[in-house]
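Asks: What follows is a structure written as structure tokens; I'll ask about it next.
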Amino acid sequence: MREVVVLGVGLHRFGKSGDAVVGNKSVTALCRHAVDAALKDAGVAWRQIEAVAAASSRFSGGKGWGLNGNDVVEDMGSTGVPVYNLSAGCAAGGNAFNVGYSMVAGGLHDMVLVVGGEVMPKGMIQTSGNEEVTDPEFLRQRCVGIPGPAFWAALARRRMHDYGTTEAQFAGVTVKARRCGVGNPFARFQKAVTVEEVLASAYVSNPLRLFEICAVSNGAAAAVICSKDKARQFTAAPVWVASSAVATMTFEDALPRALAGPVPNGPSFHTEAKAAVLKAFERSGIGPKDVSFTELQDNTCYYELAFPEEWGLCQPGEAEHLLEAGETTPTGRMPINPSGGFVSFGEATTAMGVFQIAELTWQLRGQSGARQVPGARVGLAQTLGLGGNATAAILKR
Amino acid sequence: MPEGDTQLSEITVPSVAGLFVEDGGAGILGSRCTACGTPYFPRAASCHNPACPGSQMEECSFGGRGRLWSYSVANFAPPAPYKHDKPFAPYVIGIVDLEAGLRVVGQMVNPVEEVSVGAAVELVVEALYHEDGKAYTTWKFRLV
């Protein structure tokens, strides 16, 4: 395996359809902006890109078939390069990064573009509309009625039972996340909120409130990655990919993703996320203690508390204490989501795994301004997607 | 018409046919692998346990009692294909560990104020929504 470098990254600021930030831009226009920024950051011309790994949207563009990578290549100039359109729900961006990484590490290509972007439909994400009794998602919605946030709310409720977590502590996670977002010019929400404001927002799915669940956003992210030898031509201080891993959930997983499953023996939650992160640790020889900061998938504040414990970044039941002691802020002992996270950006699903790579890169270069993690040397990124998909990446300088 | 209450005079129709039964005791129709004991709902054609020595599926019905592992609330109406009576009333979604070894998702009959993690519940079949003068039913859980 060859060593891989992140040479350049770019984002289109996240926003909501019709606002002053993203207006009515198409997903291809958003991606174009992010790709141009990443190429410029890398000092690379479009014609030097040898392959594209694209996170594939089911919502917009992509010729109706999720072929968003092809849209990007046509827009940038049809050079004939291979395009890989990756689909993995909210983990698609992380998956695309892994495929791009694997191709460079494996010696197939020297210079690869990874891109994800999204124009999201308004309101709650709907299911396929398919009314087939053989479709488990149809059965979930017709026979029970499970809005997306209800899955997270049940996890939050269980944590309240297991560890005595309070609603004010969940709100505190949002307050911390939004304070980070104030310092991020790419965040959709750049205004701080108070615990009182969070607790005054309506329940979307009790015990989780509107300000504690990420909105859906439009946005795009891109990264140019290359081999070590190639990188020498462009930079003297590269950001290295220490490892990139993908996993799916295992049979022991305790969470009811469908209608039912066997009662598990233990609290094996999100086995896919844990497996991806532990694989990333193992392959890099980097351990939880070496991590300077983490960008994790906080679709809701629950994950900022649960994930660090599940991966060994801290002890089970310790996360609330760390939050309240300020240890999860950029200047704390265990910084989580210095970017402001999904709570400050809103989720543009397929962009998220690549957005995390951009934040890790800026942090490791010391370019993150008000949200900078002092002396950041190692960053961990993680995504989680429908279907039991997860990815993890570790970047270092 | 009262939410979640099937009146005796009503014609009841399963919201999805062949998924659960009411007569002879409320139960959801699934299967169990006789080789490794893993229960499934809905029915599975083959066993998903990678450690199972050989998939041998047998149809069975799951019902009876269990404990609430956790729960959430649908504070807003989910989008289609969910169907509900108007006006929308928030409902509790339970995750229940049945004594039969199955962890099942289903609506709770009881309001959120009465529900707590670890509570004992039983599986019932009740109305989910009404259409054309008929009550369309589903499986739910009730505190016992």
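Letters for chains follow the order of the structure tokens (A, B, ...), residue numbers begin at 1 for each chain, and ligand numbers begin at 1 in the order shown.
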Do a neighbour search on Arg43 (chain B) at 9 Å with only C-alpha atoms, toss out local chain neighbours closer than 5 positions, and write the hits as a ChimeraX atom specification.
Replies: /B:19,29-32,57-60
Asks: Compute the set of chain A residues within 8 Å of chain B, using only C-alpha atoms, and express it as number ranges by chain.
Replies: A: 124, 126, 129, 131, 133, 138-139, 141-147, 150-151, 153-155, 157-158, 161, 203-207, 251, 256, 259-263
Asks: Do you have the CA of Ile49 (chain A)-CA of Ala223 (chain A) distance handy?
Replies: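 About the pair CA of Ile49 (chain A) and CA of Ala223 (chain A): they are 11.2 Å apart.
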Asks: When distances are computed from only C-alpha atoms, which of B:Leu68, B:Val109, B:Cys47, B:Val21 shows the smallest separation from Val121 (chain B)?
Replies: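 Among the listed residues, the smallest separation from Val121 (chain B) belongs to B:Leu68.
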Asks: So which one's closest to Phe59 (chain A), A:Asn184, A:Thr194, A:Gln372, A:Thr349? Using only C-alpha atoms, please.
Replies: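 Checking each of A:Asn184, A:Thr194, A:Gln372, A:Thr349 against Phe59 (chain A), counting only C-alpha atoms, the winner is A:Thr349.
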Asks: Using only C-alpha atoms, which residue out of B:Ala44, B:Ile11, B:Leu143, B:Val125 lies closest to Ile28 (chain B)?
Replies: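 Distance minimum relative to Ile28 (chain B) lands on B:Val125.
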Asks: Pick the closest to Val13 (chain B) from B:Cys52, B:Cys33, B:Val144, B:Ala127: which is it, counting only C-alpha atoms?
Replies: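 Using only C-alpha atoms, the shortest distance to Val13 (chain B) belongs to B:Ala127.
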Asks: I need the strand (DSSP E) residues of chain B per DSSP on the backbone, written as number ranges by chain.
Replies: B: 11-14, 20-21, 27-33, 39-40, 57-63, 65-74, 91-98, 102-108, 120-131, 134-143
Asks: Please determine, counting only C-alpha atoms, which residue among A:Val193, A:Lys228, A:Ser56, A:Trp240 has the shortest atom-to-atom distance to Val173 (chain A).
Replies: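 When distances to Val173 (chain A) are compared using only C-alpha atoms, the smallest one comes from A:Val193.
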Asks: Quick one: pick out all helix (DSSP H, G or I) residues within region 196-324 of chain A from a backbone DSSP run and write them as a PyMOL selection string.
Replies: chain A and resi 196-200+210-212+228-231+271-284+288-290+301-310+319-324
Asks: Based on the selection just made, write N, CA and C atoms of those residues as a compact mmCIF listing (two decimals), in the first residue's frame.
Replies:
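Result file follows (again-v8.txt):
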# COMPACT_ATOMS: atom_id res chain seq x y z
N GLU A 196 -31.52 27.59 27.39
CA GLU A 196 -32.94 27.95 27.51
C GLU A 196 -33.61 27.95 26.13
N GLU A 197 -32.90 28.49 25.13
CA GLU A 197 -33.48 28.52 23.78
C GLU A 197 -33.66 27.11 23.23
N VAL A 198 -32.67 26.24 23.48
CA VAL A 198 -32.79 24.86 22.99
C VAL A 198 -33.97 24.17 23.67
N LEU A 199 -34.07 24.34 24.99
CA LEU A 199 -35.14 23.68 25.75
C LEU A 199 -36.51 24.28 25.45
N ALA A 200 -36.53 25.48 24.86
CA ALA A 200 -37.81 26.09 24.49
C ALA A 200 -38.25 25.67 23.09
N LEU A 210 -36.24 20.32 18.39
CA LEU A 210 -35.88 20.84 17.07
C LEU A 210 -34.40 21.24 16.99
N PHE A 211 -33.88 21.94 18.00
CA PHE A 211 -32.49 22.43 17.95
C PHE A 211 -31.48 21.30 18.21
N GLU A 212 -31.96 20.12 18.58
CA GLU A 212 -31.06 19.02 18.90
C GLU A 212 -30.95 18.01 17.76
N LYS A 228 2.06 9.87 -2.31
CA LYS A 228 3.15 10.59 -1.66
C LYS A 228 4.11 11.19 -2.68
N ASP A 229 4.46 10.39 -3.70
CA ASP A 229 5.40 10.88 -4.70
C ASP A 229 4.85 12.07 -5.46
N LYS A 230 3.57 11.97 -5.82
CA LYS A 230 2.92 13.06 -6.55
C LYS A 230 2.87 14.32 -5.68
N ALA A 231 2.61 14.11 -4.38
CA ALA A 231 2.43 15.25 -3.47
C ALA A 231 3.67 16.13 -3.40
N THR A 271 -22.81 -1.16 15.66
CA THR A 271 -21.64 -2.02 15.46
C THR A 271 -20.84 -1.62 14.23
N GLU A 272 -21.53 -1.05 13.21
CA GLU A 272 -20.82 -0.63 12.00
C GLU A 272 -19.87 0.54 12.28
N ALA A 273 -20.35 1.51 13.08
CA ALA A 273 -19.53 2.68 13.37
C ALA A 273 -18.32 2.28 14.22
N LYS A 274 -18.58 1.46 15.22
CA LYS A 274 -17.49 1.03 16.09
C LYS A 274 -16.45 0.22 15.30
N ALA A 275 -16.93 -0.67 14.44
CA ALA A 275 -16.00 -1.50 13.66
C ALA A 275 -15.16 -0.66 12.72
N ALA A 276 -15.77 0.35 12.09
CA ALA A 276 -15.02 1.20 11.16
C ALA A 276 -13.95 1.98 11.91
N VAL A 277 -14.32 2.56 13.07
CA VAL A 277 -13.36 3.36 13.83
C VAL A 277 -12.24 2.47 14.38
N LEU A 278 -12.60 1.30 14.91
CA LEU A 278 -11.55 0.43 15.47
C LEU A 278 -10.62 -0.09 14.38
N LYS A 279 -11.18 -0.36 13.19
CA LYS A 279 -10.34 -0.76 12.06
C LYS A 279 -9.38 0.36 11.67
N ALA A 280 -9.90 1.58 11.68
CA ALA A 280 -9.06 2.74 11.33
C ALA A 280 -7.92 2.90 12.34
N PHE A 281 -8.24 2.68 13.62
CA PHE A 281 -7.19 2.72 14.66
C PHE A 281 -6.15 1.64 14.40
N GLU A 282 -6.64 0.42 14.17
CA GLU A 282 -5.75 -0.73 14.03
C GLU A 282 -4.81 -0.56 12.83
N ARG A 283 -5.39 -0.15 11.69
CA ARG A 283 -4.58 -0.05 10.47
C ARG A 283 -3.54 1.06 10.54
N SER A 284 -3.81 2.09 11.34
CA SER A 284 -2.89 3.24 11.41
C SER A 284 -1.90 3.11 12.55
N PRO A 288 -6.93 5.73 20.52
CA PRO A 288 -7.82 6.82 20.97
C PRO A 288 -7.08 7.93 21.70
N LYS A 289 -6.04 7.58 22.43
CA LYS A 289 -5.30 8.59 23.21
C LYS A 289 -4.51 9.54 22.31
N ASP A 290 -4.23 9.10 21.07
CA ASP A 290 -3.44 9.93 20.14
C ASP A 290 -4.29 10.94 19.38
N CYS A 301 -27.70 15.34 19.05
CA CYS A 301 -26.75 15.54 20.15
C CYS A 301 -26.42 14.23 20.87
N TYR A 302 -27.31 13.25 20.84
CA TYR A 302 -27.06 11.96 21.49
C TYR A 302 -25.70 11.39 21.07
N TYR A 303 -25.41 11.48 19.77
CA TYR A 303 -24.20 10.83 19.26
C TYR A 303 -22.91 11.43 19.82
N GLU A 304 -22.94 12.73 20.11
CA GLU A 304 -21.73 13.36 20.68
C GLU A 304 -21.40 12.79 22.04
N LEU A 305 -22.43 12.30 22.74
CA LEU A 305 -22.22 11.69 24.05
C LEU A 305 -21.87 10.21 23.91
N ALA A 306 -22.58 9.49 23.06
CA ALA A 306 -22.46 8.03 23.01
C ALA A 306 -21.24 7.54 22.23
N PHE A 307 -20.99 8.15 21.06
CA PHE A 307 -19.94 7.61 20.19
C PHE A 307 -18.54 7.63 20.84
N PRO A 308 -18.12 8.74 21.46
CA PRO A 308 -16.76 8.73 22.05
C PRO A 308 -16.58 7.60 23.07
N GLU A 309 -17.66 7.27 23.78
CA GLU A 309 -17.58 6.18 24.77
C GLU A 309 -17.49 4.83 24.06
N GLU A 310 -18.28 4.66 22.99
CA GLU A 310 -18.30 3.37 22.29
C GLU A 310 -16.96 3.07 21.62
N ALA A 319 -19.26 10.95 29.29
CA ALA A 319 -19.37 12.02 28.29
C ALA A 319 -20.06 13.28 28.82
N GLU A 320 -21.09 13.11 29.64
CA GLU A 320 -21.80 14.28 30.18
C GLU A 320 -20.85 15.14 31.02
N HIS A 321 -20.03 14.44 31.82
CA HIS A 321 -19.07 15.18 32.67
C HIS A 321 -18.08 15.95 31.80
N LEU A 322 -17.56 15.29 30.74
CA LEU A 322 -16.60 15.95 29.86
C LEU A 322 -17.23 17.17 29.18
N LEU A 323 -18.48 17.00 28.75
CA LEU A 323 -19.21 18.11 28.13
C LEU A 323 -19.29 19.29 29.08
N GLU A 324 -19.74 19.01 30.31
CA GLU A 324 -19.96 20.09 31.27
C GLU A 324 -18.66 20.73 31.73
Asks: So that each row is one residue of region 243-336 of chain A with an atom at most 9 Å from region 83-102 of chain A, can you give its shortest atom pair and the distance in Å to one decimal, using only C-alpha atoms, rows by chain and rising number, as a Markdown table?
Replies:
| residue | atom | partner | partner_atom | distance |
| --- | --- | --- | --- | --- |
| A:Ser243 | CA | A:Tyr101 | CA | 8.8 |
| A:Ser244 | CA | A:Asn98 | CA | 5.7 |
| A:Ala245 | CA | A:Asn98 | CA | 6.6 |
| A:Val246 | CA | A:Asn95 | CA | 6.9 |
Asks: Would you mind listing what lies within 12 Å of Gly61 (chain A) as an mmCIF file with C-alpha atoms, in the first residue's frame, with only C-alpha atoms counted and same-chain residues fewer than 6 positions away left out?
Replies:
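Contents of the output file around_36.cif:
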data_model
loop_
_atom_site.group_PDB
_atom_site.id
_atom_site.type_symbol
_atom_site.label_atom_id
_atom_site.label_comp_id
_atom_site.auth_asym_id
_atom_site.auth_seq_id
_atom_site.Cartn_x
_atom_site.Cartn_y
_atom_site.Cartn_z
ATOM 1 C CA LYS A 25 -28.291 26.387 -7.163
ATOM 2 C CA SER A 26 -28.311 22.862 -8.573
ATOM 3 C CA VAL A 27 -26.314 20.110 -6.922
ATOM 4 C CA THR A 28 -23.892 20.303 -9.873
ATOM 5 C CA ALA A 29 -23.399 24.050 -9.314
ATOM 6 C CA LEU A 30 -22.737 23.463 -5.605
ATOM 7 C CA CYS A 31 -20.270 20.673 -6.438
ATOM 8 C CA ALA A 55 -20.974 10.157 -3.243
ATOM 9 C CA LEU A 67 -24.834 9.423 -11.292
ATOM 10 C CA ASN A 68 -23.717 12.680 -9.687
ATOM 11 C CA GLY A 69 -20.041 12.014 -10.401
ATOM 12 C CA ASN A 70 -20.816 11.982 -14.107
ATOM 13 C CA ASP A 71 -22.607 15.338 -13.805
ATOM 14 C CA VAL A 72 -19.494 16.795 -12.163
ATOM 15 C CA GLY A 116 -20.230 14.884 -2.574
ATOM 16 C CA GLY A 117 -23.071 17.373 -2.782
ATOM 17 C CA GLU A 118 -26.746 17.640 -2.161
ATOM 18 C CA VAL A 119 -29.883 19.651 -2.790
ATOM 19 C CA MET A 120 -32.197 18.202 -0.160
#
Asks: Work out how far apart CA of Arg47 (chain A) and CA of Asp75 (chain A) are and give it in Å to one decimal.
Replies: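 Between CA of Arg47 (chain A) and CA of Asp75 (chain A) the gap is 12.8 Å.
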